[in-house]
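model_31.cif, holding mmCIF, C-alpha atoms:
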```cif
data_my_file
#
loop_
_atom_site.label_atom_id
_atom_site.label_comp_id
_atom_site.auth_asym_id
_atom_site.auth_seq_id
_atom_site.Cartn_x
_atom_site.Cartn_y
_atom_site.Cartn_z
CA MET A 1 1.81 27.14 -14.72
CA LYS A 2 -1.67 26.06 -15.57
CA ASN A 3 -1.69 22.32 -15.29
CA GLU A 4 0.17 19.09 -14.90
CA THR A 5 1.48 18.79 -18.45
CA SER A 6 2.49 22.35 -19.28
CA LYS A 7 5.92 22.59 -20.89
CA ALA A 8 6.13 26.38 -21.01
CA LYS A 9 8.86 26.40 -18.40
CA GLY A 10 10.97 23.53 -19.61
CA GLY A 11 9.20 20.20 -19.36
CA PRO A 12 7.73 17.89 -16.76
CA GLY A 13 10.26 18.91 -14.13
CA PHE A 14 11.76 17.19 -11.11
CA ALA A 15 10.32 13.83 -10.03
CA SER A 16 8.23 13.57 -13.21
CA ARG A 17 8.36 9.77 -13.16
CA ALA A 18 7.47 9.38 -9.50
CA ARG A 19 4.04 8.28 -8.41
CA SER A 20 1.80 9.47 -5.57
CA THR A 21 3.95 10.20 -2.52
CA PHE A 22 2.64 11.06 0.94
CA VAL A 23 5.10 12.85 3.18
CA SER A 24 4.30 13.65 6.79
CA THR A 25 6.54 16.20 8.50
CA ARG A 26 4.56 16.19 11.73
CA CYS A 27 4.78 13.55 14.44
CA ASP A 28 1.83 14.45 16.67
CA THR A 29 -0.48 11.86 15.10
CA SER A 30 -0.24 9.06 12.56
CA ALA A 31 -1.11 9.59 8.90
CA MET A 32 -3.80 6.90 9.21
CA ASP A 33 -5.70 8.90 11.85
CA PHE A 34 -5.24 12.20 10.07
CA VAL A 35 -8.31 13.92 8.54
CA PRO A 36 -7.29 17.14 6.70
CA ARG A 37 -9.41 20.21 7.30
CA ARG A 38 -7.18 22.90 5.79
CA VAL A 39 -5.96 21.84 2.36
CA VAL A 40 -3.82 23.81 -0.08
CA SER A 41 -4.08 22.67 -3.71
CA LEU A 42 -1.22 23.67 -5.99
CA GLN A 43 -2.66 22.06 -9.11
CA PRO A 44 -6.05 22.13 -10.89
CA SER A 45 -6.42 18.34 -10.99
CA ALA A 46 -6.23 18.14 -7.19
CA SER A 47 -8.94 20.79 -6.85
CA VAL A 48 -11.21 18.98 -9.31
CA ILE A 49 -10.72 15.67 -7.52
CA LEU A 50 -11.49 17.28 -4.15
CA ARG A 51 -14.64 18.81 -5.62
CA ASP A 52 -15.84 15.49 -7.03
CA LEU A 53 -15.11 13.81 -3.70
CA GLY A 54 -17.35 16.36 -1.96
CA LYS A 55 -14.39 17.90 -0.12
CA LEU A 56 -14.13 21.31 -1.75
CA SER A 57 -14.99 23.00 1.55
CA SER A 58 -11.66 21.75 2.92
CA LEU A 59 -9.72 23.99 0.53
CA VAL A 60 -8.24 27.12 2.05
CA ALA A 61 -6.03 27.98 -0.94
CA CYS A 62 -5.49 27.05 -4.57
CA THR A 63 -3.95 28.46 -7.75
CA LYS A 64 -5.69 30.90 -10.07
CA TYR A 65 -5.80 28.16 -12.69
CA CYS A 66 -7.94 26.00 -10.41
CA LEU A 67 -10.77 28.53 -10.79
CA GLU A 68 -10.96 27.83 -14.53
CA VAL A 69 -11.60 24.11 -14.09
CA CYS A 70 -13.43 24.40 -10.80
CA PRO A 71 -15.54 27.61 -10.94
CA GLU A 72 -17.38 26.59 -7.76
CA LEU A 73 -14.35 27.90 -5.87
CA LYS A 74 -15.32 31.46 -6.76
CA ALA A 75 -18.13 31.23 -4.23
CA GLN A 76 -15.73 30.27 -1.43
CA GLU A 77 -13.25 32.34 0.53
CA VAL A 78 -10.16 30.68 -0.93
CA ARG A 79 -6.74 32.34 -1.12
CA MET A 80 -4.72 32.31 -4.35
CA VAL A 81 -1.19 30.88 -4.15
CA ALA A 82 1.60 29.99 -6.54
CA ASP A 83 1.49 26.57 -8.23
CA SER A 84 3.61 23.41 -8.03
CA TRP A 85 6.30 24.96 -10.23
CA THR A 86 6.72 28.20 -8.26
CA ALA A 87 5.57 27.26 -4.75
CA GLN A 88 6.54 29.69 -1.97
CA ALA A 89 6.92 28.46 1.62
CA ALA A 90 6.04 31.76 3.29
CA GLN A 91 2.89 32.13 1.23
CA ILE A 92 1.68 28.61 2.06
CA ALA A 93 2.79 28.42 5.69
CA GLY A 94 0.83 31.56 6.56
CA LEU A 95 -2.36 29.65 5.79
CA GLU A 96 -1.54 26.99 8.40
CA PRO A 97 -2.48 24.04 6.16
CA ASP A 98 -2.61 20.48 7.41
CA LEU A 99 -2.23 19.07 3.87
CA ILE A 100 -0.62 20.33 0.68
CA ILE A 101 -1.37 18.61 -2.64
CA ALA A 102 0.82 19.24 -5.67
CA SER A 103 1.53 17.58 -9.00
CA VAL A 104 4.06 17.67 -11.83
CA PRO A 105 5.70 19.70 -13.20
CA TYR A 106 7.93 20.39 -10.18
CA GLN A 107 11.19 22.20 -9.69
CA GLU A 108 13.51 20.97 -6.95
CA LYS A 109 13.44 24.39 -5.31
CA ALA A 110 9.63 24.37 -5.39
CA LEU A 111 9.55 21.00 -3.66
CA ALA A 112 11.98 22.33 -1.07
CA GLU A 113 9.65 25.28 -0.48
CA ILE A 114 6.67 22.95 -0.02
CA LEU A 115 8.49 20.71 2.44
CA LYS A 116 9.76 23.75 4.32
CA CYS A 117 6.16 24.54 5.33
CA GLY A 118 6.13 21.63 7.77
CA ALA A 119 2.71 20.37 6.62
CA ARG A 120 1.86 16.95 5.25
CA PHE A 121 2.44 16.77 1.52
CA LEU A 122 0.86 14.59 -1.18
CA GLY A 123 2.86 14.77 -4.42
CA LEU A 124 1.39 13.43 -7.67
CA ALA A 125 3.00 12.58 -11.03
CA PRO A 126 0.45 10.88 -13.31
CA ARG A 127 1.21 9.65 -16.83
CA THR A 128 -1.39 6.99 -17.58
CA LEU A 129 -5.08 6.54 -16.81
CA ALA A 130 -4.08 3.99 -14.17
CA ASP A 131 -2.01 6.72 -12.52
CA VAL A 132 -4.99 9.09 -12.60
CA TYR A 133 -7.16 6.46 -10.90
CA GLY A 134 -4.39 5.95 -8.35
CA ASP A 135 -4.25 9.68 -7.61
CA ILE A 136 -8.01 9.83 -7.08
CA SER A 137 -7.72 6.86 -4.73
CA ALA A 138 -4.81 8.47 -2.85
CA ILE A 139 -6.64 11.77 -2.31
CA ALA A 140 -9.84 9.94 -1.34
CA GLY A 141 -7.90 7.84 1.12
CA VAL A 142 -6.18 10.72 2.88
CA MET A 143 -9.49 12.61 3.00
CA HIS A 144 -11.21 9.51 4.48
CA VAL A 145 -13.76 9.20 1.63
CA GLY A 146 -12.43 6.02 0.07
CA GLN A 147 -15.85 4.74 -1.02
CA ARG A 148 -16.61 7.94 -2.91
CA GLY A 149 -13.18 7.69 -4.56
CA SER A 150 -13.92 4.15 -5.70
CA GLN A 151 -17.24 5.32 -7.15
CA LEU A 152 -15.53 8.12 -9.09
CA ILE A 153 -12.98 5.71 -10.52
CA ARG A 154 -15.65 3.20 -11.54
CA GLN A 155 -17.69 5.94 -13.19
CA MET A 156 -14.71 7.07 -15.27
CA GLN A 157 -13.83 3.51 -16.23
CA GLN A 158 -17.41 2.72 -17.21
CA GLU A 159 -17.70 5.81 -19.44
CA ILE A 160 -14.41 5.04 -21.16
CA GLU A 161 -15.25 1.37 -21.69
CA ALA A 162 -18.76 2.17 -22.94
CA LEU A 163 -17.29 4.41 -25.63
CA ARG A 164 -14.65 1.81 -26.47
CA LEU A 165 -17.45 -0.68 -27.17
CA LYS A 166 -19.27 1.82 -29.41
CA THR A 167 -16.17 2.50 -31.49
CA GLY A 168 -14.86 -1.06 -31.58
CA ALA A 169 -16.26 -1.87 -35.04
CA LEU A 170 -15.43 1.51 -36.60
CA GLY A 171 -12.42 2.41 -38.70
CA ARG A 172 -9.40 3.79 -36.84
CA PRO A 173 -8.27 7.18 -38.19
CA ARG A 174 -4.68 8.17 -37.43
CA VAL A 175 -4.73 10.93 -34.80
CA PHE A 176 -1.97 13.35 -33.88
CA CYS A 177 -2.73 15.24 -30.67
CA GLU A 178 -0.44 17.93 -29.27
CA GLU A 179 -0.31 19.59 -25.87
CA TRP A 180 2.22 22.28 -26.70
CA GLY A 181 3.26 24.13 -29.84
CA LYS A 182 6.73 25.57 -29.19
CA PRO A 183 8.42 23.14 -28.95
CA LEU A 184 5.94 20.76 -30.51
CA ILE A 185 5.06 18.09 -27.93
CA ALA A 186 2.62 15.21 -28.33
CA SER A 187 -0.09 14.82 -25.69
CA GLN A 188 0.41 12.67 -22.61
CA PRO A 189 -0.02 8.87 -22.42
CA TRP A 190 -3.44 9.20 -20.79
CA VAL A 191 -4.60 11.17 -23.86
CA ALA A 192 -3.25 8.43 -26.12
CA GLU A 193 -5.38 5.95 -24.16
CA LEU A 194 -8.45 8.16 -24.58
CA VAL A 195 -7.81 8.47 -28.32
CA GLU A 196 -7.75 4.68 -28.60
CA ALA A 197 -11.00 4.41 -26.61
CA ALA A 198 -12.58 7.04 -28.89
CA GLY A 199 -11.82 4.91 -31.94
CA GLY A 200 -8.55 6.42 -33.18
CA GLU A 201 -4.93 5.39 -33.54
CA PHE A 202 -2.64 7.75 -31.65
CA VAL A 203 0.44 8.52 -33.77
CA GLY A 204 3.74 9.80 -32.45
CA THR A 205 5.21 9.09 -29.01
CA ALA A 206 2.98 10.35 -26.23
CA GLY A 207 4.52 13.05 -24.06
CA ARG A 208 7.57 13.48 -26.29
CA GLN A 209 8.82 16.30 -28.47
CA ILE A 210 8.36 15.79 -32.22
CA SER A 211 9.29 17.77 -35.33
CA GLN A 212 6.83 19.27 -37.79
CA GLU A 213 8.32 17.09 -40.52
CA GLU A 214 7.79 13.93 -38.47
CA VAL A 215 4.11 14.76 -38.08
CA VAL A 216 3.79 15.09 -41.86
CA SER A 217 5.42 11.69 -42.32
CA LEU A 218 2.89 10.14 -39.93
CA GLU A 219 0.06 11.18 -42.32
CA PRO A 220 -2.51 11.93 -39.61
CA ASP A 221 -6.18 11.80 -40.60
CA VAL A 222 -7.06 13.98 -37.60
CA ILE A 223 -4.98 16.68 -35.94
CA ILE A 224 -5.93 17.97 -32.49
CA ALA A 225 -4.38 20.88 -30.61
CA ALA A 226 -5.00 20.97 -26.87
CA TRP A 227 -2.47 23.58 -25.81
CA CYS A 228 -1.72 24.00 -22.14
CA GLY A 229 -3.17 27.26 -20.87
CA ALA A 230 -4.89 28.15 -24.15
CA GLY A 231 -8.41 26.85 -23.56
CA ASP A 232 -9.63 26.02 -27.06
CA ARG A 233 -7.93 29.04 -28.63
CA ALA A 234 -5.07 27.29 -30.45
CA PRO A 235 -4.72 29.13 -33.82
CA LEU A 236 -5.58 26.20 -36.07
CA GLU A 237 -5.30 28.00 -39.40
CA LYS A 238 -1.86 29.40 -38.51
CA ILE A 239 -0.70 26.03 -37.21
CA VAL A 240 -1.46 24.31 -40.50
CA GLU A 241 -0.06 27.11 -42.67
CA ARG A 242 3.14 27.85 -40.78
CA ARG A 243 4.05 24.21 -40.29
CA GLU A 244 3.32 23.37 -43.92
CA TRP A 245 0.76 20.76 -42.96
CA ASN A 246 -1.65 21.73 -45.76
CA ASN A 247 -1.12 18.44 -47.58
CA THR A 248 -1.71 16.17 -44.61
CA PRO A 249 -4.90 14.10 -44.87
CA ALA A 250 -6.25 15.95 -41.83
CA ALA A 251 -5.83 19.40 -43.37
CA ARG A 252 -7.08 18.37 -46.81
CA ASN A 253 -10.29 17.05 -45.26
CA HIS A 254 -10.70 19.87 -42.71
CA ARG A 255 -10.18 17.44 -39.80
CA VAL A 256 -8.13 19.79 -37.65
CA TYR A 257 -9.54 20.65 -34.22
CA ALA A 258 -8.87 22.43 -30.95
CA ILE A 259 -10.02 20.82 -27.69
CA ARG A 260 -10.21 22.74 -24.45
CA ASP A 261 -6.98 22.46 -22.49
CA GLU A 262 -8.57 21.40 -19.21
CA TYR A 263 -10.54 18.58 -20.86
CA LEU A 264 -7.38 16.72 -21.87
CA ASN A 265 -4.54 18.14 -19.78
CA THR A 266 -6.09 17.99 -16.30
CA PRO A 267 -5.73 14.39 -15.06
CA ALA A 268 -8.98 14.19 -13.14
CA PRO A 269 -12.59 13.07 -13.73
CA THR A 270 -12.94 15.94 -16.24
CA LEU A 271 -11.05 13.72 -18.72
CA THR A 272 -14.38 12.16 -19.65
CA ARG A 273 -15.34 15.50 -21.24
CA GLY A 274 -12.18 15.29 -23.29
CA LEU A 275 -13.14 11.75 -24.28
CA ALA A 276 -16.47 12.98 -25.67
CA ALA A 277 -14.71 15.74 -27.61
CA LEU A 278 -12.21 13.24 -29.02
CA ALA A 279 -15.01 10.93 -30.17
CA ALA A 280 -16.74 13.79 -32.00
CA ALA A 281 -13.46 14.78 -33.69
CA ILE A 282 -12.40 11.25 -34.65
CA HIS A 283 -15.82 9.89 -35.68
CA PRO A 284 -18.08 12.89 -36.44
CA GLU A 285 -20.33 10.58 -38.45
CA CYS A 286 -21.27 8.77 -35.23
CA PHE A 287 -20.94 11.32 -32.46
CA PRO A 288 -22.43 14.85 -32.28
CA GLN A 289 -20.46 18.06 -31.91
CA SER A 290 -19.17 18.16 -28.35
CA ASP A 291 -18.61 20.86 -25.78
CA GLY A 292 -15.02 22.10 -25.87
CA LEU A 293 -14.38 21.04 -29.49
CA ARG A 294 -13.65 23.65 -32.18
CA PRO A 295 -13.00 22.73 -35.83
CA ILE A 296 -10.76 24.60 -38.26
CA LYS A 297 -12.50 27.06 -40.56
CA PRO A 298 -12.65 25.75 -44.14
CA SER A 299 -10.37 27.77 -46.40
#
```

Produce structure tokens that represent the structure in this file.
Amino acid sequence: MKNETSKAKGGPGFASRARSTFVSTRCDTSAMDFVPRRVVSLQPSASVILRDLGKLSSLVACTKYCLEVCPELKAQEVRMVADSWTAQAAQIAGLEPDLIIASVPYQEKALAEILKCGARFLGLAPRTLADVYGDISAIAGVMHVGQRGSQLIRQMQQEIEALRLKTGALGRPRVFCEEWGKPLIASQPWVAELVEAAGGEFVGTAGRQISQEEVVSLEPDVIIAAWCGAGDRAPLEKIVERREWNNTPAARNHRVYAIRDEYLNTPAPTLTRGLAALAAAIHPECFPQSDGLRPIKPS
């Protein structure tokens, strides 16, 4: 499973409403004195956060999806392992990690496999931007780089607030943003917060399933597809045609876009790239075309 919000295998999974949890299954030293040197990351967001904390060299294993959001890993000797949804104890334990970091979606059996390894475990389950900041702080704390973590959080907050100020006096187009197509699921609460900062009004209930007909009734001015695992390859023309969204304000005005999956669905500092793409989609008259943003082709 590519990232924290993928619903391809049935939703957010076990413990989806939990927050950061640190579990130590060793008793030779206290968690406060513990400095991890062999880290296994089972989720792309954890790998990105470690990179931005300057701790990428601590990674001994990650998922194949981590390479897409953190290409620097290709230059390291890092083993590929299964992700938070399909974690395998034997695979992880053989690497002798001293810390495992995972994030939603979980399955109970995957959590059992992680805990079976006997290593310390940091489990994440973000929903809001505050949760994302908390996760950065938690990873920074356990890696003993708390100051760098605080700097990362401040940088994200400053970028988001700077854009909020720029869009404060602009109109607020109605924005529907989806993270999955079958079933149709609205993007997560942190995306809704970014949409608001980018000068839009997020319509629908963030993180919840919604019908095609309900989207029509919401009359979105902008439609954005950020499908988990699809990069920016969501088939925009087919989406509009097959769902009979041709008469929505967004489709009539060619305001239908794809945004790269990892820019919106990876709860890490990379969300600021998603913020820039959202601003360009919501207020193209004020913000230039952004990296990771692809518009629908005019019919």

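Among the candidates A:Ala277, A:Ala93, A:Ile259, A:Cys66, the residue lying nearest to A:Arg233 is A:Ile259 (atoms considered: all atoms listed in the file).
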
Pick from A:Ala251, A:Ile185, A:Leu59, A:Leu275 nearest to A:Met143, counting only C-alpha atoms:
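The shortest atom-to-atom distance to A:Met143 comes from A:Leu59.
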
Shell around A:Cys70 at 9 Å using all atoms listed in the file, local window under 5 positions removed, as a VMD selection string:
chain A and resid 44 47 to 48 51 65

Please determine the residues with any atom at most 6 Å from (-0.7, 19.0, 0.6) (coordinates as given in the file, with all atoms listed in the file counting) and report them as a PyMOL selection string.
chain A and resi 40+99-101+120-122

Got a sec: who's within 9 Å of A:Arg260, counting all atoms listed in the file, leaving out chain neighbours fewer than 3 positions off, as number ranges by chain?
A: 225-228, 230-233, 263-265, 274, 277, 291-294
